[in-house]
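Visitor: This is the structure I have questions about; it appears just below.
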Amino acid sequence: MLAASAAQQAAALKAANPQPDSLRRSEQELLNDLHWPSRHHALLTACDPGPEVALLTVANDRFYRGLEALLLSLKAVYPSLSSPVVVAHDGSLGPFLQRRLLAIHPLLQFVQPQPAWAESLPLDSSNRQRIGLLGYLNGYAFSLRGYRRVLVLDSDLLITGSLDPLWGEGDAFRAVPDCGDRPWAAISPHTGRPVLNSGVLSLPGWALNGELEGRFEALIRQAAEPVCPLLDRFADQKVWNQFLFNQPVELLPLNFNCNIKYLVQYLGGCAEGLSVLHFAGPKPWLSWPWLSPEPGEQRSGAVTDHLFWNRLYRSQLMAWRLALHRQYLAAAAPLPAGPAQLATEPGCLAPGGRPLGSSAHLLLCDPQLFGEAWPDHPCWPHAWLPALEAVAPLQIWAPLEWEPALRQLPLPPGVHWHWLLIEAPFSPELAQGEDLIAGPGPWQEGFEPWSNPPLAGVERAVRRRLLSAGGKPLPGLGGEGS
């Protein structure tokens with residue numbers, strides 16, 4: 001039906017004999033050959049590709065949540081993934097974010113390429129200015145030598161099914177035709193092929209060499225030179241299509257790179273059987289509830305489905321945080337029974353200043369304590385380290401979200417970390433009322449209510465933890481907020 005409709009529109013356009021300059025881009029495409037991508041309806045088995053296959057993606061700090069969602073969805077389909085995942089970035093993914101992501105997939109490798117072509121990068125169009133250096137770093141895939149396959153994935157993808165055909169046997173490059181705004185893929189007059197989307201590419205091992213790497217870099221330097229109207233509007237996608245012009249390419253079904261616009265407009269939102277969803281256009285994590293979008297970032301009238309991304313990301317994020325917290329609980333030092341003195345400064349826990357026989361508990365509630373380099377390079381406040389040693393044995397409590405930063409800090413003997421699963425958006429805020437929070441009873445090892453500032457929420461969570469372990473938190477809180 002869609003093909004017949006397109007044929008009718010093309011016939012009407014030809015009959016009208018319009019001036020080429022008056023045609024919209026979609027009308028220009030209709031007057032040329034069209035490629036109608038295929039889609040399968042089978043459920044494929046997902047098998048770990050092993051260390052002979054590498055995956056590469058590109059991200060910066062603003063794409064952090066997109067990258068996190070990609071990794072969580074990938075591990076949901078391949079929980080025992082033994083393939084390395086290389087993340088090329090521009091330096092904005094600091095140690096804190098890297099350590100957090102490594103907790104999802106320990107085989108992550110972070111690289112910050114310094115390409116020789118960076119200074120000559122064409123910035124002649126708004127699209128190429130928006131993409132900038134970051135968009136072309138996916139060419140780093142050619143430097144990953146020795147793998148049977150390298151799979152290039154954009155960081156605005158969700159993995160929803162098996163990717164096995166992307167690294168199956170065969171020697172050809174693999175890609176998916178580009179469509180979404182329209183149900184067809186336009187055929188480039190330059191390549192004679194449908195325009196290929198660069199969001200998912202599978203590179204065979206024989207292509208991972210210096211010669212092809214150099215050819216790709218040369219095409220980046222020439223990216224501003226006109227090729228054809230279809231390709232000239234792209235940035236890295238133009239380069240990839242030029243590069244693949246004379247290479248063997250196997251076209252895969254849309255299941256392996258389905259644009260969210262295609263899902264909404266032509267599949268009625270039915271994502272069953274799809275393996276990759278591509279959130280091209282406005283990014284779900286660059287809007288509420290994650291942050292305030294920058295002007296022009298959430299384009300009015302754009303076809304999106306932020307709700308789909310949010311539902312899957314939030315459910316997988318919650319499962320990961322719960323599982324991670326349970327790992328730390330299992331490895332944590334036992335909590336002491338009996339009276340427990342709580343404070344926000346180690347000086348308030350000096351043995352002479354707390355009840356005889358009570359245990360000492362330090363509550364960390366303000367990240368500003370740890371210096372201007374937080375969260376990448378935190379440090380103890382002045383004189384705290386000897387103060388911690390003086391009050392040992394000591395239990396230190398902090399939100400689990402801070403763990404990738406705080407775990408780098410030195411601890412004296414007898415001092416132990418305890419992490420609190422106290423983070424939005426998975427629990428109500430204390431200010432919303434106790435009626436929204438579980439009442440007294442055994443602690444269920446789930447998310448605790450949070451607060452802003454954090455002190456009230458952290459104190460409440462610590463008291464619940466201690467009570468559930470048989471401790472007896474003493475009234476009052478030493479230090480700030482007492």
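By order of appearance in the structure tokens: chains A, B, ..., then residues from 1 within every chain, and ligands from 1 in the order shown.
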Could you write out, as a PyMOL selection string, all the residues of region 269-428 of chain A that DSSP marks as helix (DSSP H, G or I)?

Guide: chain A and resi 284-286+306-331+346-349+351-353+367-370+384-391+400-406

Visitor: Residues of region 28-159 of chain A classed as strand (DSSP E or B) by DSSP on the backbone are to be reported as a ChimeraX atom specification.

Guide: /A:34-35,53-58,85-88,108-111,149-153,157-159

Visitor: Grab the residues selected above and save them as a CSV table (one decimal), in the first residue's frame with N, CA, C and O atoms.

Guide:
chain,number,residue,atom,x,y,z
A,34,LEU,N,13.5,4.2,-5.6
A,34,LEU,CA,13.4,4.1,-4.2
A,34,LEU,C,13.7,2.6,-3.8
A,34,LEU,O,13.5,1.7,-4.5
A,35,HIS,N,14.2,2.5,-2.6
A,35,HIS,CA,14.5,1.2,-2.0
A,35,HIS,C,13.5,1.0,-0.8
A,35,HIS,O,13.4,1.8,0.1
A,53,VAL,N,34.8,-10.5,18.8
A,53,VAL,CA,34.0,-9.4,18.3
A,53,VAL,C,34.1,-8.2,19.2
A,53,VAL,O,34.0,-8.4,20.4
A,54,ALA,N,34.3,-7.0,18.7
A,54,ALA,CA,34.3,-5.8,19.5
A,54,ALA,C,33.2,-4.9,19.1
A,54,ALA,O,32.8,-4.9,17.9
A,55,LEU,N,32.7,-4.1,20.0
A,55,LEU,CA,31.7,-3.1,19.8
A,55,LEU,C,32.3,-1.8,20.0
A,55,LEU,O,33.1,-1.6,21.0
A,56,LEU,N,31.9,-0.8,19.2
A,56,LEU,CA,32.4,0.6,19.4
A,56,LEU,C,31.3,1.5,19.4
A,56,LEU,O,30.4,1.4,18.5
A,57,THR,N,31.3,2.5,20.3
A,57,THR,CA,30.3,3.6,20.3
A,57,THR,C,31.0,4.9,20.6
A,57,THR,O,32.2,4.9,21.0
A,58,VAL,N,30.3,6.0,20.4
A,58,VAL,CA,30.9,7.3,20.6
A,58,VAL,C,30.0,8.1,21.5
A,58,VAL,O,28.7,8.1,21.3
A,85,VAL,N,33.7,-3.5,24.7
A,85,VAL,CA,32.9,-2.4,24.2
A,85,VAL,C,33.8,-1.1,24.3
A,85,VAL,O,34.1,-0.7,25.4
A,86,VAL,N,34.2,-0.6,23.2
A,86,VAL,CA,35.1,0.6,23.2
A,86,VAL,C,34.2,1.8,23.1
A,86,VAL,O,33.4,1.9,22.2
A,87,VAL,N,34.5,2.8,24.0
A,87,VAL,CA,33.8,4.1,24.0
A,87,VAL,C,34.8,5.1,23.6
A,87,VAL,O,35.7,5.5,24.4
A,88,ALA,N,34.6,5.7,22.4
A,88,ALA,CA,35.5,6.8,22.0
A,88,ALA,C,34.8,8.1,22.4
A,88,ALA,O,33.6,8.3,22.2
A,108,LEU,N,34.4,-2.6,29.4
A,108,LEU,CA,34.4,-1.3,28.7
A,108,LEU,C,35.9,-0.8,28.5
A,108,LEU,O,36.7,-0.9,29.5
A,109,GLN,N,36.2,-0.2,27.4
A,109,GLN,CA,37.5,0.5,27.2
A,109,GLN,C,37.2,1.9,26.7
A,109,GLN,O,36.5,2.1,25.7
A,110,PHE,N,37.7,2.9,27.4
A,110,PHE,CA,37.5,4.3,27.1
A,110,PHE,C,38.8,4.8,26.4
A,110,PHE,O,39.9,4.7,26.9
A,111,VAL,N,38.6,5.4,25.2
A,111,VAL,CA,39.7,6.0,24.5
A,111,VAL,C,39.3,7.4,24.1
A,111,VAL,O,38.1,7.8,23.9
A,149,ARG,N,35.1,-9.3,13.9
A,149,ARG,CA,34.1,-8.3,13.5
A,149,ARG,C,34.2,-7.1,14.4
A,149,ARG,O,34.5,-7.3,15.6
A,150,VAL,N,33.9,-5.9,14.0
A,150,VAL,CA,33.7,-4.8,14.9
A,150,VAL,C,32.4,-4.2,14.5
A,150,VAL,O,32.1,-3.9,13.4
A,151,LEU,N,31.6,-4.0,15.6
A,151,LEU,CA,30.2,-3.5,15.4
A,151,LEU,C,30.2,-2.1,15.9
A,151,LEU,O,30.5,-1.8,17.0
A,152,VAL,N,29.9,-1.1,15.0
A,152,VAL,CA,29.8,0.3,15.3
A,152,VAL,C,28.3,0.6,15.6
A,152,VAL,O,27.4,0.4,14.8
A,153,LEU,N,28.1,1.1,16.8
A,153,LEU,CA,26.8,1.5,17.3
A,153,LEU,C,26.7,2.9,17.8
A,153,LEU,O,27.6,3.3,18.6
A,157,LEU,N,20.9,4.4,20.8
A,157,LEU,CA,20.2,3.2,20.4
A,157,LEU,C,19.7,2.5,21.7
A,157,LEU,O,20.3,2.6,22.8
A,158,LEU,N,18.7,1.7,21.6
A,158,LEU,CA,18.3,0.7,22.5
A,158,LEU,C,18.3,-0.6,21.9
A,158,LEU,O,17.8,-0.8,20.8
A,159,ILE,N,18.9,-1.6,22.5
A,159,ILE,CA,19.0,-3.0,22.0
A,159,ILE,C,17.8,-3.7,22.6
A,159,ILE,O,17.6,-3.8,23.8

Visitor: Dump as a Markdown table the rows for residues of region 217-253 of chain A within 10 Å of region 161-171 of chain A: closest atom pair and distance in Å with one decimal, only C-alpha atoms counted, ordered by chain and rising residue number.

Guide:
| residue | atom | partner | partner_atom | distance |
| --- | --- | --- | --- | --- |
| A:Pro248 | CA | A:Asp171 | CA | 8.1 |
| A:Val249 | CA | A:Asp171 | CA | 9.0 |
| A:Glu250 | CA | A:Asp171 | CA | 9.3 |
| A:Leu252 | CA | A:Leu166 | CA | 8.4 |

Visitor: Nearest to Ser38 (chain A): which of A:Leu101, A:Leu324, A:Ala141, A:Cys179 is it, counting only C-alpha atoms?

Guide: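 Distance minimum relative to Ser38 (chain A) lands on A:Cys179.
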
Visitor: From the options A:Leu212, A:Leu286, A:Leu307, A:Ala302, which residue's atoms come nearest to Trp240 (chain A), counting only C-alpha atoms?

Guide: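 Closest candidate: A:Leu212.
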
Visitor: Could you produce a table of the residues of region 317-418 of chain A lying within 9 Å of region 458-482 of chain A, with the nearest pair of atoms per residue and their separation in Å rounded to one decimal, using only C-alpha atoms, ordered by chain and increasing residue number, as JSON lines?

Guide:
{"residue": "A:Pro334", "atom": "CA", "partner": "A:Ala469", "partner_atom": "CA", "distance": 8.8}
{"residue": "A:Leu335", "atom": "CA", "partner": "A:Ala469", "partner_atom": "CA", "distance": 6.7}
{"residue": "A:Pro336", "atom": "CA", "partner": "A:Gly471", "partner_atom": "CA", "distance": 6.7}
{"residue": "A:Ala337", "atom": "CA", "partner": "A:Gly471", "partner_atom": "CA", "distance": 4.4}
{"residue": "A:Gly338", "atom": "CA", "partner": "A:Gly471", "partner_atom": "CA", "distance": 4.9}
{"residue": "A:Pro339", "atom": "CA", "partner": "A:Lys472", "partner_atom": "CA", "distance": 4.6}
{"residue": "A:Ala340", "atom": "CA", "partner": "A:Pro473", "partner_atom": "CA", "distance": 4.6}
{"residue": "A:Gln341", "atom": "CA", "partner": "A:Leu474", "partner_atom": "CA", "distance": 5.7}
{"residue": "A:Leu342", "atom": "CA", "partner": "A:Leu477", "partner_atom": "CA", "distance": 5.4}
{"residue": "A:Ala343", "atom": "CA", "partner": "A:Gly478", "partner_atom": "CA", "distance": 4.1}
{"residue": "A:Thr344", "atom": "CA", "partner": "A:Gly479", "partner_atom": "CA", "distance": 5.0}
{"residue": "A:Glu345", "atom": "CA", "partner": "A:Gly479", "partner_atom": "CA", "distance": 5.3}
{"residue": "A:Pro346", "atom": "CA", "partner": "A:Gly479", "partner_atom": "CA", "distance": 8.3}
{"residue": "A:Gly347", "atom": "CA", "partner": "A:Gly479", "partner_atom": "CA", "distance": 8.1}
{"residue": "A:Cys348", "atom": "CA", "partner": "A:Gly478", "partner_atom": "CA", "distance": 5.6}
{"residue": "A:Leu349", "atom": "CA", "partner": "A:Gly478", "partner_atom": "CA", "distance": 7.7}
{"residue": "A:Ser358", "atom": "CA", "partner": "A:Leu474", "partner_atom": "CA", "distance": 9.0}
{"residue": "A:His361", "atom": "CA", "partner": "A:Val462", "partner_atom": "CA", "distance": 9.0}
{"residue": "A:Leu363", "atom": "CA", "partner": "A:Val458", "partner_atom": "CA", "distance": 7.2}
{"residue": "A:Leu364", "atom": "CA", "partner": "A:Val458", "partner_atom": "CA", "distance": 8.0}
{"residue": "A:Cys365", "atom": "CA", "partner": "A:Val458", "partner_atom": "CA", "distance": 6.8}
{"residue": "A:Trp397", "atom": "CA", "partner": "A:Val462", "partner_atom": "CA", "distance": 7.4}
{"residue": "A:Ala398", "atom": "CA", "partner": "A:Val458", "partner_atom": "CA", "distance": 7.4}
{"residue": "A:Pro399", "atom": "CA", "partner": "A:Val458", "partner_atom": "CA", "distance": 7.5}

Visitor: Would you write out those residues with C-alpha atoms, as an mmCIF file, in the first residue's frame?

Guide:
data_model
loop_
_atom_site.group_PDB
_atom_site.id
_atom_site.type_symbol
_atom_site.label_atom_id
_atom_site.label_comp_id
_atom_site.auth_asym_id
_atom_site.auth_seq_id
_atom_site.Cartn_x
_atom_site.Cartn_y
_atom_site.Cartn_z
ATOM 1 C CA PRO A 334 28.608 -6.436 59.540
ATOM 2 C CA LEU A 335 26.864 -3.612 61.340
ATOM 3 C CA PRO A 336 27.588 -3.395 65.080
ATOM 4 C CA ALA A 337 24.727 -4.010 67.494
ATOM 5 C CA GLY A 338 23.935 -1.805 70.443
ATOM 6 C CA PRO A 339 23.868 1.993 70.731
ATOM 7 C CA ALA A 340 24.963 3.904 67.620
ATOM 8 C CA GLN A 341 26.151 7.515 67.558
ATOM 9 C CA LEU A 342 25.502 9.377 64.271
ATOM 10 C CA ALA A 343 27.374 12.487 63.139
ATOM 11 C CA THR A 344 28.226 14.451 60.019
ATOM 12 C CA GLU A 345 31.772 15.336 61.173
ATOM 13 C CA PRO A 346 34.381 12.921 62.533
ATOM 14 C CA GLY A 347 35.288 15.298 65.368
ATOM 15 C CA CYS A 348 31.843 14.767 66.904
ATOM 16 C CA LEU A 349 32.541 11.040 67.174
ATOM 17 C CA SER A 358 28.417 2.963 71.313
ATOM 18 C CA HIS A 361 28.661 6.290 62.251
ATOM 19 C CA LEU A 363 26.967 10.393 57.507
ATOM 20 C CA LEU A 364 28.197 12.028 54.294
ATOM 21 C CA CYS A 365 25.500 14.355 53.024
ATOM 22 C CA TRP A 397 27.425 6.097 55.072
ATOM 23 C CA ALA A 398 26.844 7.759 51.703
ATOM 24 C CA PRO A 399 24.430 7.532 48.742
#

Visitor: Got a sec: who's within 10 Å of Leu322 (chain A), counting only C-alpha atoms, leaving out chain neighbours fewer than 5 positions off, as a list in words?

Guide: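 Contacts, in chain order: Gln316, Leu317, Gln327, Leu421, Glu445, Gly446 and Phe447 of chain A.
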
Visitor: Kindly save the residues from that selection, with N, CA, C and O atoms included, as a PDB file, in the first residue's frame.

Guide:
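And here's result30.pdb as it stands now:
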ATOM      1  N   GLN A 316      15.248  -0.810  33.370  1.00  0.00           N
ATOM      2  CA  GLN A 316      16.547  -1.480  33.403  1.00  0.00           C
ATOM      3  C   GLN A 316      17.507  -0.777  34.361  1.00  0.00           C
ATOM      4  O   GLN A 316      18.326  -1.435  35.011  1.00  0.00           O
ATOM      5  N   LEU A 317      17.401   0.538  34.460  1.00  0.00           N
ATOM      6  CA  LEU A 317      18.227   1.285  35.408  1.00  0.00           C
ATOM      7  C   LEU A 317      17.891   0.868  36.833  1.00  0.00           C
ATOM      8  O   LEU A 317      18.781   0.645  37.658  1.00  0.00           O
ATOM      9  N   GLN A 327      24.866  -6.404  45.779  1.00  0.00           N
ATOM     10  CA  GLN A 327      26.260  -6.876  45.771  1.00  0.00           C
ATOM     11  C   GLN A 327      27.069  -6.207  46.871  1.00  0.00           C
ATOM     12  O   GLN A 327      27.835  -6.855  47.591  1.00  0.00           O
ATOM     13  N   LEU A 421      20.818   3.187  48.988  1.00  0.00           N
ATOM     14  CA  LEU A 421      20.125   3.279  47.706  1.00  0.00           C
ATOM     15  C   LEU A 421      19.059   4.368  47.844  1.00  0.00           C
ATOM     16  O   LEU A 421      17.883   4.112  48.067  1.00  0.00           O
ATOM     17  N   GLU A 445      15.581  -3.605  51.662  1.00  0.00           N
ATOM     18  CA  GLU A 445      16.735  -3.502  50.761  1.00  0.00           C
ATOM     19  C   GLU A 445      16.352  -2.896  49.416  1.00  0.00           C
ATOM     20  O   GLU A 445      16.852  -3.305  48.375  1.00  0.00           O
ATOM     21  N   GLY A 446      15.454  -1.926  49.429  1.00  0.00           N
ATOM     22  CA  GLY A 446      15.059  -1.239  48.210  1.00  0.00           C
ATOM     23  C   GLY A 446      15.440   0.223  48.279  1.00  0.00           C
ATOM     24  O   GLY A 446      16.271   0.636  49.087  1.00  0.00           O
ATOM     25  N   PHE A 447      14.829   1.016  47.440  1.00  0.00           N
ATOM     26  CA  PHE A 447      15.130   2.441  47.394  1.00  0.00           C
ATOM     27  C   PHE A 447      14.551   3.144  48.619  1.00  0.00           C
ATOM     28  O   PHE A 447      13.413   2.890  49.028  1.00  0.00           O
TER      29      PHE A 447
END

Visitor: Just how far from CA of Pro413 (chain A) is CA of Gly371 (chain A), in Å to one decimal?

Guide: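 The value is 23.5 Å.
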
Visitor: Between A:Asn246, A:Asp236, A:Arg221, A:Gly91, single out the one closest to Phe173 (chain A), counting only C-alpha atoms.

Guide: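 With only C-alpha atoms as the atom set, the closest residue is A:Asn246.
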